[in-house]
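Chemist: For reference, the file target.txt (compact mmCIF, C-alpha atoms) is included below:
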```txt
# COMPACT_ATOMS: atom_id res chain seq x y z
CA MET Q 21 15.40 0.26 -2.76
CA ASN Q 22 16.15 3.07 -0.38
CA GLY Q 23 16.87 1.57 3.03
CA SER Q 24 17.17 3.43 6.29
CA GLY Q 25 18.97 2.84 9.59
CA ALA Q 26 19.56 -0.73 10.65
CA PHE Q 27 17.52 -2.07 7.75
CA GLY Q 28 19.62 -0.21 5.20
CA ARG Q 29 22.83 -1.65 6.65
CA TYR Q 30 21.25 -5.08 6.88
CA LEU Q 31 20.10 -4.95 3.27
CA ALA Q 32 23.51 -3.89 2.01
CA GLY Q 33 25.12 -6.87 3.72
CA TRP Q 34 22.39 -9.18 2.51
CA ARG Q 35 22.96 -8.07 -1.09
CA ASP Q 36 26.66 -8.91 -0.89
CA LYS Q 37 26.10 -12.34 0.62
CA ALA Q 38 22.92 -13.57 -1.04
CA ALA Q 39 24.19 -13.40 -4.62
CA ALA Q 40 21.04 -13.19 -6.49
CA ALA Q 41 18.36 -15.83 -6.26
CA PHE Q 42 15.21 -15.94 -4.20
CA HIS Q 43 13.10 -19.00 -4.95
CA LEU Q 44 9.45 -18.62 -4.07
CA SER Q 45 7.47 -21.30 -2.31
CA ARG Q 46 5.08 -23.13 -4.60
CA SER Q 47 1.40 -23.44 -3.77
CA ARG Q 48 0.54 -27.12 -3.89
CA ALA Q 49 -3.07 -26.30 -4.63
CA GLN Q 50 -2.44 -24.01 -7.61
CA GLY Q 51 1.17 -24.62 -8.56
CA GLY Q 52 2.14 -20.95 -8.63
CA PRO Q 53 4.56 -18.95 -6.49
CA ARG Q 54 3.03 -17.71 -3.25
CA LEU Q 55 3.40 -14.26 -1.71
CA ALA Q 56 2.30 -12.24 1.26
CA LEU Q 57 1.76 -8.61 0.28
CA ALA Q 58 2.34 -5.41 2.26
CA LEU Q 59 0.71 -2.45 0.52
CA GLN Q 60 1.69 1.09 1.48
CA GLY Q 61 -0.82 3.92 1.44
CA GLY Q 62 -0.42 7.00 -0.68
CA GLY Q 63 -3.74 8.32 -1.97
CA ALA Q 64 -3.98 8.36 -5.75
CA HIS Q 65 -0.52 6.81 -5.96
CA GLY Q 66 -2.25 3.60 -4.92
CA ALA Q 67 -2.99 3.19 -8.64
CA PHE Q 68 0.71 2.28 -8.97
CA THR Q 69 0.00 -0.63 -6.61
CA TRP Q 70 -2.97 -1.56 -8.79
CA GLY Q 71 -0.56 -1.93 -11.72
CA VAL Q 72 1.82 -4.07 -9.66
CA LEU Q 73 -0.96 -6.37 -8.41
CA ASP Q 74 -2.53 -6.59 -11.86
CA THR Q 75 0.74 -7.89 -13.27
CA LEU Q 76 1.53 -10.29 -10.43
CA VAL Q 77 -1.90 -11.93 -10.57
CA GLU Q 78 -1.81 -12.04 -14.36
CA ARG Q 79 1.54 -13.83 -14.20
CA GLY Q 80 0.25 -16.55 -11.88
CA VAL Q 81 1.33 -15.38 -8.42
CA THR Q 82 -0.87 -16.72 -5.60
CA VAL Q 83 -1.62 -14.30 -2.76
CA ASP Q 84 -1.64 -15.79 0.74
CA ALA Q 85 -2.14 -12.68 2.90
CA VAL Q 86 -2.28 -8.91 2.48
CA SER Q 87 -1.65 -6.04 4.87
CA GLY Q 88 -2.44 -2.47 3.96
CA ALA Q 89 -3.02 1.06 5.14
CA SER Q 90 -5.15 3.76 3.53
CA ALA Q 91 -5.11 3.22 -0.27
CA GLY Q 92 -3.28 -0.03 0.44
CA ALA Q 93 -6.27 -1.18 2.51
CA PHE Q 94 -8.64 -0.49 -0.39
CA ASN Q 95 -6.39 -2.40 -2.79
CA ALA Q 96 -6.21 -5.28 -0.30
CA VAL Q 97 -9.98 -5.55 0.18
CA PHE Q 98 -10.84 -5.34 -3.51
CA LEU Q 99 -8.12 -7.88 -4.36
CA ALA Q 100 -9.38 -10.33 -1.72
CA HIS Q 101 -13.07 -9.91 -2.55
CA GLY Q 102 -12.47 -10.16 -6.28
CA TRP Q 103 -10.50 -13.38 -5.76
CA LEU Q 104 -13.39 -14.84 -3.78
CA GLU Q 105 -15.84 -13.88 -6.52
CA GLY Q 106 -13.89 -15.02 -9.56
CA GLY Q 107 -10.39 -16.22 -8.78
CA PRO Q 108 -7.39 -14.36 -10.28
CA ASP Q 109 -9.45 -12.86 -13.12
CA GLY Q 110 -12.01 -11.66 -10.59
CA ALA Q 111 -9.27 -10.05 -8.52
CA ARG Q 112 -7.92 -8.15 -11.52
CA GLU Q 113 -11.39 -6.99 -12.52
CA ALA Q 114 -12.21 -5.86 -8.97
CA LEU Q 115 -9.06 -3.74 -8.78
CA ALA Q 116 -9.79 -2.21 -12.18
CA THR Q 117 -13.33 -1.41 -11.01
CA LEU Q 118 -12.00 0.26 -7.86
CA TRP Q 119 -9.75 2.65 -9.72
CA ARG Q 120 -12.18 3.29 -12.57
CA ARG Q 121 -14.79 4.32 -10.02
CA ILE Q 122 -12.32 6.52 -8.14
CA GLY Q 123 -11.38 8.24 -11.40
CA ALA Q 124 -15.03 8.72 -12.32
CA LYS Q 125 -15.90 10.24 -8.95
CA ALA Q 126 -12.85 12.52 -9.09
CA ALA Q 127 -14.13 14.05 -12.32
CA PHE Q 128 -16.60 16.04 -10.19
CA SER Q 129 -14.11 16.97 -7.50
CA PRO Q 130 -13.14 20.61 -6.98
CA LEU Q 131 -9.56 19.32 -6.83
CA GLN Q 132 -9.68 18.16 -10.44
CA PRO Q 133 -6.64 19.77 -12.11
CA SER Q 134 -7.51 22.44 -14.64
CA LEU Q 135 -6.32 22.27 -18.22
CA MET Q 136 -3.77 24.97 -17.41
CA ASP Q 137 -2.53 22.93 -14.43
CA GLN Q 138 -2.06 19.90 -16.69
CA LEU Q 139 -0.27 21.92 -19.37
CA THR Q 140 2.10 23.64 -16.96
CA SER Q 141 2.69 21.02 -14.25
CA GLY Q 142 1.61 17.68 -15.65
CA TRP Q 143 0.11 15.65 -12.83
CA ASN Q 144 2.06 17.51 -10.15
CA MET Q 145 -0.36 19.75 -8.21
CA ASP Q 146 2.23 21.70 -6.22
CA GLY Q 147 1.51 24.83 -8.29
CA SER Q 148 -2.24 24.32 -8.51
CA SER Q 149 -4.34 27.16 -7.13
CA ARG Q 150 -7.06 24.61 -6.29
CA HIS Q 151 -4.68 22.57 -4.19
CA ALA Q 152 -3.39 25.70 -2.47
CA GLY Q 153 -6.98 26.70 -1.75
CA LEU Q 154 -7.78 23.31 -0.22
CA ASP Q 155 -4.65 23.49 1.92
CA LEU Q 156 -5.65 26.89 3.30
CA PHE Q 157 -9.31 25.88 3.66
CA THR Q 158 -8.53 22.80 5.77
CA ARG Q 159 -6.31 24.84 8.08
CA ILE Q 160 -9.20 27.13 8.89
CA LEU Q 161 -12.15 24.73 8.97
CA SER Q 162 -12.36 21.15 10.21
CA PRO Q 163 -14.32 18.43 8.36
CA TYR Q 164 -16.91 18.65 11.14
CA GLN Q 165 -17.57 22.20 9.97
CA PHE Q 166 -17.36 22.00 6.16
CA ASN Q 167 -18.76 18.43 5.92
CA PRO Q 168 -21.15 18.06 8.89
CA LEU Q 169 -22.95 15.05 7.33
CA ASP Q 170 -19.64 13.22 6.85
CA MET Q 171 -20.30 12.56 3.17
CA ASN Q 172 -17.64 10.23 1.76
CA PRO Q 173 -17.90 8.91 -1.81
CA LEU Q 174 -15.67 5.96 -0.92
CA ARG Q 175 -18.39 4.67 1.42
CA ASP Q 176 -20.75 4.22 -1.54
CA LEU Q 177 -18.00 2.53 -3.54
CA LEU Q 178 -17.52 -0.09 -0.81
CA ALA Q 179 -21.27 -0.64 -0.41
CA ASP Q 180 -21.71 -1.16 -4.15
CA HIS Q 181 -18.88 -3.67 -4.68
CA ILE Q 182 -17.88 -5.49 -1.48
CA ASP Q 183 -19.83 -8.26 0.27
CA PHE Q 184 -18.31 -7.80 3.71
CA GLU Q 185 -20.21 -10.68 5.29
CA ARG Q 186 -18.68 -13.08 2.77
CA LEU Q 187 -15.28 -11.49 3.21
CA ARG Q 188 -15.46 -11.95 7.00
CA ARG Q 189 -16.31 -15.65 6.63
CA SER Q 190 -13.47 -16.34 4.22
CA ARG Q 191 -9.87 -17.11 5.12
CA ARG Q 192 -8.79 -17.60 1.51
CA ILE Q 193 -6.70 -14.42 1.71
CA LYS Q 194 -5.84 -13.22 5.21
CA LEU Q 195 -6.25 -9.49 5.68
CA PHE Q 196 -4.54 -7.06 8.07
CA LEU Q 197 -5.76 -3.47 7.74
CA ALA Q 198 -4.12 -0.71 9.77
CA ALA Q 199 -5.92 2.16 11.47
CA THR Q 200 -4.82 4.56 14.21
CA ASP Q 201 -6.73 4.62 17.50
CA ILE Q 202 -7.12 8.34 18.20
CA GLU Q 203 -7.55 8.05 21.97
CA SER Q 204 -4.50 5.81 22.57
CA GLY Q 205 -2.41 6.73 19.53
CA HIS Q 206 -1.74 3.01 19.00
CA LEU Q 207 -2.10 0.82 15.94
CA LYS Q 208 -5.40 -0.98 15.49
CA LEU Q 209 -5.21 -4.00 13.19
CA PHE Q 210 -8.47 -5.15 11.59
CA THR Q 211 -8.36 -8.81 10.54
CA ASN Q 212 -10.82 -10.78 8.40
CA ARG Q 213 -13.45 -11.33 11.07
CA GLU Q 214 -13.49 -7.58 11.87
CA ILE Q 215 -13.58 -6.23 8.31
CA THR Q 216 -16.44 -3.83 7.63
CA ALA Q 217 -16.87 -0.85 5.37
CA GLU Q 218 -16.15 1.42 8.37
CA ALA Q 219 -12.93 -0.47 9.11
CA VAL Q 220 -11.69 0.11 5.55
CA LEU Q 221 -12.71 3.77 5.72
CA ALA Q 222 -11.00 4.08 9.11
CA SER Q 223 -7.74 2.98 7.51
CA ALA Q 224 -8.04 5.82 5.01
CA THR Q 225 -9.45 8.60 7.23
CA LEU Q 226 -7.32 11.71 6.83
CA PRO Q 227 -8.22 13.89 9.83
CA TRP Q 228 -8.22 17.15 7.90
CA LEU Q 229 -10.68 15.79 5.28
CA HIS Q 230 -13.00 13.34 7.06
CA HIS Q 231 -14.68 12.75 10.40
CA ALA Q 232 -12.99 10.20 12.61
CA ALA Q 233 -14.33 6.70 11.96
CA LYS Q 234 -16.22 5.32 14.95
CA ILE Q 235 -16.22 1.54 15.50
CA ASP Q 236 -17.40 -0.13 18.72
CA GLY Q 237 -17.06 3.09 20.68
CA ARG Q 238 -13.48 3.82 19.51
CA HIS Q 239 -12.41 6.50 17.04
CA TYR Q 240 -9.88 6.00 14.28
CA TRP Q 241 -7.77 7.93 11.80
CA ASP Q 242 -5.63 6.84 8.86
CA GLY Q 243 -3.52 3.74 9.47
CA GLY Q 244 -0.51 5.39 7.85
CA PHE Q 245 0.20 7.24 11.10
CA THR Q 246 1.07 3.99 12.92
CA ALA Q 247 1.79 1.30 10.29
CA ASN Q 248 2.23 2.08 6.62
CA PRO Q 249 1.83 -0.82 5.98
CA PRO Q 250 2.03 -3.48 8.75
CA ILE Q 251 4.95 -5.85 8.12
CA LEU Q 252 5.40 -8.07 11.18
CA PRO Q 253 1.76 -9.32 11.37
CA LEU Q 254 2.29 -10.95 7.98
CA LEU Q 255 5.12 -13.05 9.41
CA GLU Q 256 2.77 -14.48 12.01
CA GLY Q 257 -0.38 -14.67 9.90
CA SER Q 258 0.96 -15.88 6.57
CA THR Q 259 2.47 -19.21 5.59
CA ALA Q 260 4.20 -17.75 2.54
CA ARG Q 261 7.95 -17.60 2.87
CA ASP Q 262 8.23 -14.50 0.71
CA THR Q 263 6.73 -11.10 1.53
CA LEU Q 264 6.53 -8.35 -1.08
CA LEU Q 265 6.36 -4.73 0.05
CA VAL Q 266 4.85 -2.37 -2.53
CA ARG Q 267 6.29 0.93 -1.46
CA LEU Q 268 4.90 4.21 -2.78
CA ASP Q 269 7.09 6.62 -0.84
CA SER Q 270 10.71 6.00 0.07
CA GLY Q 271 10.69 8.97 2.43
CA MET Q 272 13.87 10.33 0.87
CA SER Q 273 14.46 14.02 0.12
CA ASP Q 274 17.07 15.87 -1.92
CA GLY Q 275 17.52 18.55 0.72
CA PRO Q 276 15.69 20.79 3.17
CA PRO Q 277 12.47 22.36 1.86
CA LEU Q 278 12.51 26.13 1.60
CA THR Q 279 8.90 27.20 1.02
CA ALA Q 280 6.04 26.91 3.51
CA ARG Q 281 4.15 24.50 1.27
CA ALA Q 282 7.24 22.35 0.72
CA ILE Q 283 7.91 22.24 4.46
CA HIS Q 284 4.39 20.99 5.19
CA ALA Q 285 4.69 18.43 2.38
CA ARG Q 286 7.98 17.14 3.77
CA LEU Q 287 6.56 16.92 7.30
CA ASN Q 288 3.65 14.83 5.99
CA GLN Q 289 6.06 12.62 4.08
CA ILE Q 290 8.19 11.98 7.17
CA MET Q 291 5.10 11.36 9.29
CA PHE Q 292 3.72 8.71 6.93
CA THR Q 293 7.02 6.92 6.21
CA ALA Q 294 8.42 6.79 9.78
CA PRO Q 295 6.25 3.81 10.88
CA LEU Q 296 7.42 1.72 7.92
CA ASN Q 297 11.07 2.59 8.50
CA HIS Q 298 10.64 1.53 12.13
CA ASP Q 299 9.06 -1.78 11.10
CA LEU Q 300 11.80 -2.49 8.57
CA ASP Q 301 14.50 -1.83 11.17
CA GLN Q 302 12.67 -4.06 13.64
CA PHE Q 303 12.32 -6.82 11.05
CA ALA Q 304 16.05 -6.67 10.32
CA ASP Q 305 16.94 -6.82 14.04
CA LEU Q 306 14.55 -9.70 14.76
CA GLN Q 307 15.72 -11.69 11.75
CA ARG Q 308 19.34 -11.36 12.84
CA MET Q 309 18.35 -12.61 16.29
CA ALA Q 310 16.44 -15.52 14.75
CA ARG Q 311 19.31 -16.53 12.51
CA ASP Q 312 21.92 -16.41 15.25
CA GLY Q 313 19.68 -18.43 17.58
CA THR Q 314 18.89 -15.65 20.06
CA LEU Q 315 15.20 -15.73 19.11
CA GLY Q 316 13.71 -19.22 19.07
CA GLY Q 317 10.30 -20.84 18.88
CA PRO Q 318 7.91 -20.89 15.92
CA LEU Q 319 8.25 -17.16 15.32
CA GLY Q 320 12.03 -17.39 15.37
CA ARG Q 321 12.00 -20.19 12.81
CA ARG Q 322 9.57 -18.23 10.67
CA LEU Q 323 11.74 -15.10 10.82
CA ALA Q 324 14.91 -17.01 10.05
CA GLU Q 325 13.42 -18.29 6.79
CA ALA Q 326 11.47 -15.17 5.81
CA ARG Q 327 12.48 -13.20 2.72
CA LEU Q 328 11.42 -9.62 2.13
CA HIS Q 329 11.20 -8.17 -1.39
CA VAL Q 330 10.40 -4.63 -2.49
CA ILE Q 331 8.85 -2.97 -5.51
CA GLU Q 332 8.75 0.80 -5.31
CA GLY Q 333 7.88 3.75 -7.48
CA GLY Q 334 11.19 5.45 -6.72
CA GLU Q 335 12.09 8.66 -8.50
CA ASP Q 336 9.23 8.32 -10.99
CA LEU Q 337 6.60 8.63 -8.25
CA GLN Q 338 8.60 11.14 -6.25
CA ALA Q 339 8.73 13.44 -9.29
CA PHE Q 340 4.96 13.91 -9.15
CA GLY Q 341 5.22 15.52 -5.71
CA GLN Q 342 3.30 14.91 -2.49
CA SER Q 343 0.33 16.98 -3.67
CA SER Q 344 -0.34 14.60 -6.58
CA LYS Q 345 -1.56 12.00 -4.07
CA LEU Q 346 -4.82 13.99 -4.12
CA ASN Q 347 -4.99 13.99 -7.92
CA ALA Q 348 -7.33 11.18 -8.97
CA HIS Q 349 -7.67 12.27 -12.59
CA ARG Q 350 -8.37 9.20 -14.73
CA GLY Q 351 -5.42 9.93 -17.01
CA PHE Q 352 -3.06 10.11 -14.04
CA LEU Q 353 -4.41 6.86 -12.54
CA GLN Q 354 -3.88 5.09 -15.85
CA GLU Q 355 -0.32 6.41 -16.07
CA LEU Q 356 0.40 5.18 -12.54
CA HIS Q 357 -1.13 1.79 -13.38
CA GLY Q 358 1.18 1.51 -16.38
CA LEU Q 359 4.20 2.46 -14.27
CA GLY Q 360 3.27 -0.17 -11.70
CA ARG Q 361 3.00 -2.82 -14.40
CA GLN Q 362 6.42 -1.85 -15.74
CA ARG Q 363 8.03 -2.11 -12.31
CA ALA Q 364 6.36 -5.46 -11.63
CA GLU Q 365 7.46 -6.86 -14.99
CA ALA Q 366 11.03 -5.72 -14.35
CA TRP Q 367 10.94 -7.31 -10.90
CA LEU Q 368 9.62 -10.56 -12.26
CA GLY Q 369 12.39 -10.58 -14.84
CA GLU Q 370 10.31 -11.09 -17.96
CA SER Q 371 13.35 -11.60 -20.15
CA CYS Q 372 14.28 -14.68 -18.12
CA GLY Q 373 11.33 -16.65 -19.48
CA PRO Q 374 8.39 -17.95 -17.47
CA VAL Q 375 9.73 -16.59 -14.21
CA PRO Q 376 6.59 -17.21 -12.10
CA GLU Q 377 7.09 -20.92 -12.76
CA GLN Q 378 10.67 -20.71 -11.50
CA SER Q 379 11.70 -17.88 -9.22
CA ILE Q 380 11.32 -14.19 -8.54
CA ALA Q 381 14.14 -11.65 -8.35
CA SER Q 382 14.17 -9.38 -5.33
CA ALA Q 383 14.65 -5.65 -5.50
CA ALA Q 384 17.61 -6.29 -3.20
CA SER Q 385 19.30 -8.49 -5.78
CA GLU Q 386 21.90 -7.13 -8.14
CA GLU Q 387 21.17 -9.89 -10.66
CA PRO Q 388 18.28 -9.19 -13.06
CA CYS Q 389 17.65 -12.90 -13.66
CA PRO Q 390 17.90 -15.23 -10.66
CA GLN Q 391 19.62 -18.53 -11.22
CA GLN Q 392 18.01 -21.89 -10.49
```
If you took the structure in this file and wrote it as structure tokens, what would it be?

Modeler:
Amino acid sequence: MNGSGAFGRYLAGWRDKAAAAFHLSRSRAQGGPRLALALQGGGAHGAFTWGVLDTLVERGVTVDAVSGASAGAFNAVFLAHGWLEGGPDGAREALATLWRRIGAKAAFSPLQPSLMDQLTSGWNMDGSSRHAGLDLFTRILSPYQFNPLDMNPLRDLLADHIDFERLRRSRRIKLFLAATDIESGHLKLFTNREITAEAVLASATLPWLHHAAKIDGRHYWDGGFTANPPILPLLEGSTARDTLLVRLDSGMSDGPPLTARAIHARLNQIMFTAPLNHDLDQFADLQRMARDGTLGGPLGRRLAEARLHVIEGGEDLQAFGQSSKLNAHRGFLQELHGLGRQRAEAWLGESCGPVPEQSIASAASEEPCPQQ
């Protein structure tokens, strides 16, 4: 994991002292390890998260709560609704349906990479003339001009597959979806009782592509601007001791960008990773205070016992470039799904035997197989 600031220093010390094993709480009702999930946004790269979740649920992990922004919000809602409909198998099928539908809709998108793009750049769209055209187009015209009816194919996808009334009534999986209040610039957190199709769309509203989402007289943009994804609400809203962050973008760079397009890509990357870095630093500071007794009460006790794990795409995702987040080609989504499954299997420590029945290794651990 790539840490930053106080969290990076905290994690380095934690790795030296913890020595390897993180034992997950067991769900008395289902007997499996229990997790709270924090799902980062990242456009098409959210298919990597699909692969991670697919593997975790397949291996018997029980999900207690999920926070998400943008693509992470979509993954969270489909996971929760699928679980309500058909348990773990229903959750896996719902996630597969989400990304199959996204891939099918993308087949008619003007951003679909050409055969030449695929042959010369793989799934990376940095050299795509279509991507360059979209970039220029959205700098000249706003979505209120080129899409006055606010047509959004994701709205139909939600209407076709999610029973929001049932989702609002349920507390089986607690949800925390991030959006950004345009007028105040502050984070808006939508919880179960507030979840609607517009709330999910609000979490994924990129201002240069879509109209602002309007809910109860307030206007919202993508949640990644203010929490990508929310971390601390899970500590208050979940009873799981272990929280897993599925991170799509570490925010790291090999050096300063030199071209105009690379500069804009790097600015977007910093903008969407800064809120998470802030939350991780804050988590590290609060946990130190809780463990040394400075922070007391129920939240202090919760923080003192909390354990944060990370699965991330790392260099494999970073190699595709920032522009590939807009590439929803079915082949690319399947490749990302496979990569997510690989990373989840490695994290679970498949070679150690039936790990979900025993323990789960953290990305912060140097030991591949945690000891009992």

Chemist: Have a look at Q:Asn347, Q:Thr279, Q:Thr263, Q:Ser273 and name the one nearest to Q:Ala326; count all atoms listed in the file.

Modeler: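 Looking only at the distances to Q:Ala326, the closest residue turns out to be Q:Thr263.
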
Chemist: Here is a test: counting all atoms listed in the file, which residue of Q:Ala222, Q:Leu278, Q:Ile193, Q:Leu76 is nearest to Q:Gly360?

Modeler: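 With all atoms listed in the file as the atom set, the closest residue is Q:Leu76.
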
Chemist: Would you please work out which residue, of Q:Val266, Q:Leu221, Q:Ala199, Q:Val330, is nearest to Q:Trp70 when using all atoms listed in the file?

Modeler: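 Looking only at the distances to Q:Trp70, the closest residue turns out to be Q:Val266.
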
Chemist: Between Q:Arg261, Q:Arg238, Q:Arg308, Q:Arg350, single out the one closest to Q:Leu55, counting all atoms listed in the file.

Modeler: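 Going through Q:Arg261, Q:Arg238, Q:Arg308, Q:Arg350 one by one, the smallest distance to Q:Leu55 is for Q:Arg261.
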
Chemist: Out of Q:Asp236, Q:Glu105, Q:Glu218, Q:Asp201, which residue has the shortest atom-to-atom distance to Q:Arg186 when counting all atoms listed in the file?

Modeler: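 Closest residue, counting all atoms listed in the file: Q:Glu105.
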
Chemist: Using all atoms listed in the file, can you tell me which of Q:Gly205, Q:Gly333, Q:Pro253, Q:Gly244 comes closest to Q:Ala364?

Modeler: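 Smallest distance to Q:Ala364 is found for Q:Gly333.
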
Chemist: One number please: atom CA of Q:Leu323 to atom CA of Q:Phe303, in Å, one decimal.

Modeler: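 Calculated distance between atom CA of Q:Leu323 and atom CA of Q:Phe303 is 8.3 Å.
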
Chemist: Anything within 12 Å of (4.4, 16.1, 4.5): list those residues as a PDB file with C-alpha atoms, in the frame of the given file, counting all atoms listed in the file and sticking to the file's coordinates.

Modeler:
```pdb
ATOM      1  CA  GLY Q  62      -0.420   7.000  -0.680  1.00  0.00           C
ATOM      2  CA  ASP Q 155      -4.650  23.490   1.920  1.00  0.00           C
ATOM      3  CA  PHE Q 245       0.200   7.240  11.100  1.00  0.00           C
ATOM      4  CA  ASP Q 269       7.090   6.620  -0.840  1.00  0.00           C
ATOM      5  CA  GLY Q 271      10.690   8.970   2.430  1.00  0.00           C
ATOM      6  CA  MET Q 272      13.870  10.330   0.870  1.00  0.00           C
ATOM      7  CA  SER Q 273      14.460  14.020   0.120  1.00  0.00           C
ATOM      8  CA  PRO Q 277      12.470  22.360   1.860  1.00  0.00           C
ATOM      9  CA  ALA Q 280       6.040  26.910   3.510  1.00  0.00           C
ATOM     10  CA  ARG Q 281       4.150  24.500   1.270  1.00  0.00           C
ATOM     11  CA  ALA Q 282       7.240  22.350   0.720  1.00  0.00           C
ATOM     12  CA  ILE Q 283       7.910  22.240   4.460  1.00  0.00           C
ATOM     13  CA  HIS Q 284       4.390  20.990   5.190  1.00  0.00           C
ATOM     14  CA  ALA Q 285       4.690  18.430   2.380  1.00  0.00           C
ATOM     15  CA  ARG Q 286       7.980  17.140   3.770  1.00  0.00           C
ATOM     16  CA  LEU Q 287       6.560  16.920   7.300  1.00  0.00           C
ATOM     17  CA  ASN Q 288       3.650  14.830   5.990  1.00  0.00           C
ATOM     18  CA  GLN Q 289       6.060  12.620   4.080  1.00  0.00           C
ATOM     19  CA  ILE Q 290       8.190  11.980   7.170  1.00  0.00           C
ATOM     20  CA  MET Q 291       5.100  11.360   9.290  1.00  0.00           C
ATOM     21  CA  PHE Q 292       3.720   8.710   6.930  1.00  0.00           C
ATOM     22  CA  THR Q 293       7.020   6.920   6.210  1.00  0.00           C
ATOM     23  CA  ALA Q 294       8.420   6.790   9.780  1.00  0.00           C
ATOM     24  CA  GLY Q 341       5.220  15.520  -5.710  1.00  0.00           C
ATOM     25  CA  GLN Q 342       3.300  14.910  -2.490  1.00  0.00           C
ATOM     26  CA  SER Q 343       0.330  16.980  -3.670  1.00  0.00           C
ATOM     27  CA  LYS Q 345      -1.560  12.000  -4.070  1.00  0.00           C
TER      28      LYS Q 345
END
```

Chemist: Give me the residues near Q:Leu296 as a PyMOL selection string, where near means some atom within 7 Å (using all atoms listed in the file) and where sequence neighbours in that chain fewer than 5 positions away do not count.

Modeler: chain Q and resi 247-249

Chemist: Please tell me which residues are no farther than 8 Å from (15.2, -12.4, 14.7) in the file, counting all atoms listed in the file, and write them as a VMD selection string.

Modeler: chain Q and resid 303 to 312 314 to 315 320 323 to 324

Chemist: So which residues touch Q:Phe94 within 10 Å, counting all atoms listed in the file, skipping near sequence neighbours fewer than 4 positions away, as a list in words?

Modeler: Leu59, Gly61, Gly66, Gly88, Ala89, Ser90, Phe98, Leu99, Ala100, Leu115, Leu118, Trp119, Leu174, Leu178, Leu197, Val220, Leu221, Ser223 and Ala224 of chain Q

Chemist: Keeping only C-alpha atoms, write those residues as an mmCIF file, keeping the file's coordinate frame.

Modeler:
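Heads up, here's the output in selection28.cif:
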```
data_model
loop_
_atom_site.group_PDB
_atom_site.id
_atom_site.type_symbol
_atom_site.label_atom_id
_atom_site.label_comp_id
_atom_site.auth_asym_id
_atom_site.auth_seq_id
_atom_site.Cartn_x
_atom_site.Cartn_y
_atom_site.Cartn_z
ATOM 1 C CA LEU Q 59 0.710 -2.450 0.520
ATOM 2 C CA GLY Q 61 -0.820 3.920 1.440
ATOM 3 C CA GLY Q 66 -2.250 3.600 -4.920
ATOM 4 C CA GLY Q 88 -2.440 -2.470 3.960
ATOM 5 C CA ALA Q 89 -3.020 1.060 5.140
ATOM 6 C CA SER Q 90 -5.150 3.760 3.530
ATOM 7 C CA PHE Q 98 -10.840 -5.340 -3.510
ATOM 8 C CA LEU Q 99 -8.120 -7.880 -4.360
ATOM 9 C CA ALA Q 100 -9.380 -10.330 -1.720
ATOM 10 C CA LEU Q 115 -9.060 -3.740 -8.780
ATOM 11 C CA LEU Q 118 -12.000 0.260 -7.860
ATOM 12 C CA TRP Q 119 -9.750 2.650 -9.720
ATOM 13 C CA LEU Q 174 -15.670 5.960 -0.920
ATOM 14 C CA LEU Q 178 -17.520 -0.090 -0.810
ATOM 15 C CA LEU Q 197 -5.760 -3.470 7.740
ATOM 16 C CA VAL Q 220 -11.690 0.110 5.550
ATOM 17 C CA LEU Q 221 -12.710 3.770 5.720
ATOM 18 C CA SER Q 223 -7.740 2.980 7.510
ATOM 19 C CA ALA Q 224 -8.040 5.820 5.010
#
```

Chemist: Just to confirm, what's the straight-line distance from atom CA of Q:Arg189 to atom CA of Q:Leu226 in Å (one decimal)?

Modeler: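 Taking atom CA of Q:Arg189 as the start and atom CA of Q:Leu226 as the end point, the length is 28.8 Å.
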
Chemist: To one decimal place in Å, what is the distance between atom CA of Q:Asp299 and atom CA of Q:Arg327?

Modeler: 14.6 Å

Chemist: Please rebuild stretch 111-116 of chain Q with N, CA, C and O atoms and return the result as a compact mmCIF listing (two decimals), keeping the file's coordinate frame.

Modeler:
```txt
# COMPACT_ATOMS: atom_id res chain seq x y z
N ALA Q 111 -10.07 -11.00 -9.28
CA ALA Q 111 -9.27 -10.05 -8.52
C ALA Q 111 -8.81 -8.89 -9.39
O ALA Q 111 -8.87 -7.71 -9.00
N ARG Q 112 -8.38 -9.20 -10.61
CA ARG Q 112 -7.92 -8.15 -11.52
C ARG Q 112 -9.07 -7.22 -11.90
O ARG Q 112 -8.91 -6.00 -11.96
N GLU Q 113 -10.24 -7.80 -12.14
CA GLU Q 113 -11.39 -6.99 -12.52
C GLU Q 113 -11.85 -6.11 -11.35
O GLU Q 113 -12.23 -4.95 -11.54
N ALA Q 114 -11.81 -6.64 -10.13
CA ALA Q 114 -12.21 -5.86 -8.97
C ALA Q 114 -11.30 -4.66 -8.76
O ALA Q 114 -11.76 -3.55 -8.46
N LEU Q 115 -10.00 -4.85 -8.93
CA LEU Q 115 -9.06 -3.74 -8.78
C LEU Q 115 -9.28 -2.69 -9.87
O LEU Q 115 -9.23 -1.48 -9.60
N ALA Q 116 -9.53 -3.15 -11.09
CA ALA Q 116 -9.79 -2.21 -12.18
C ALA Q 116 -11.07 -1.41 -11.90
O ALA Q 116 -11.13 -0.20 -12.13
```
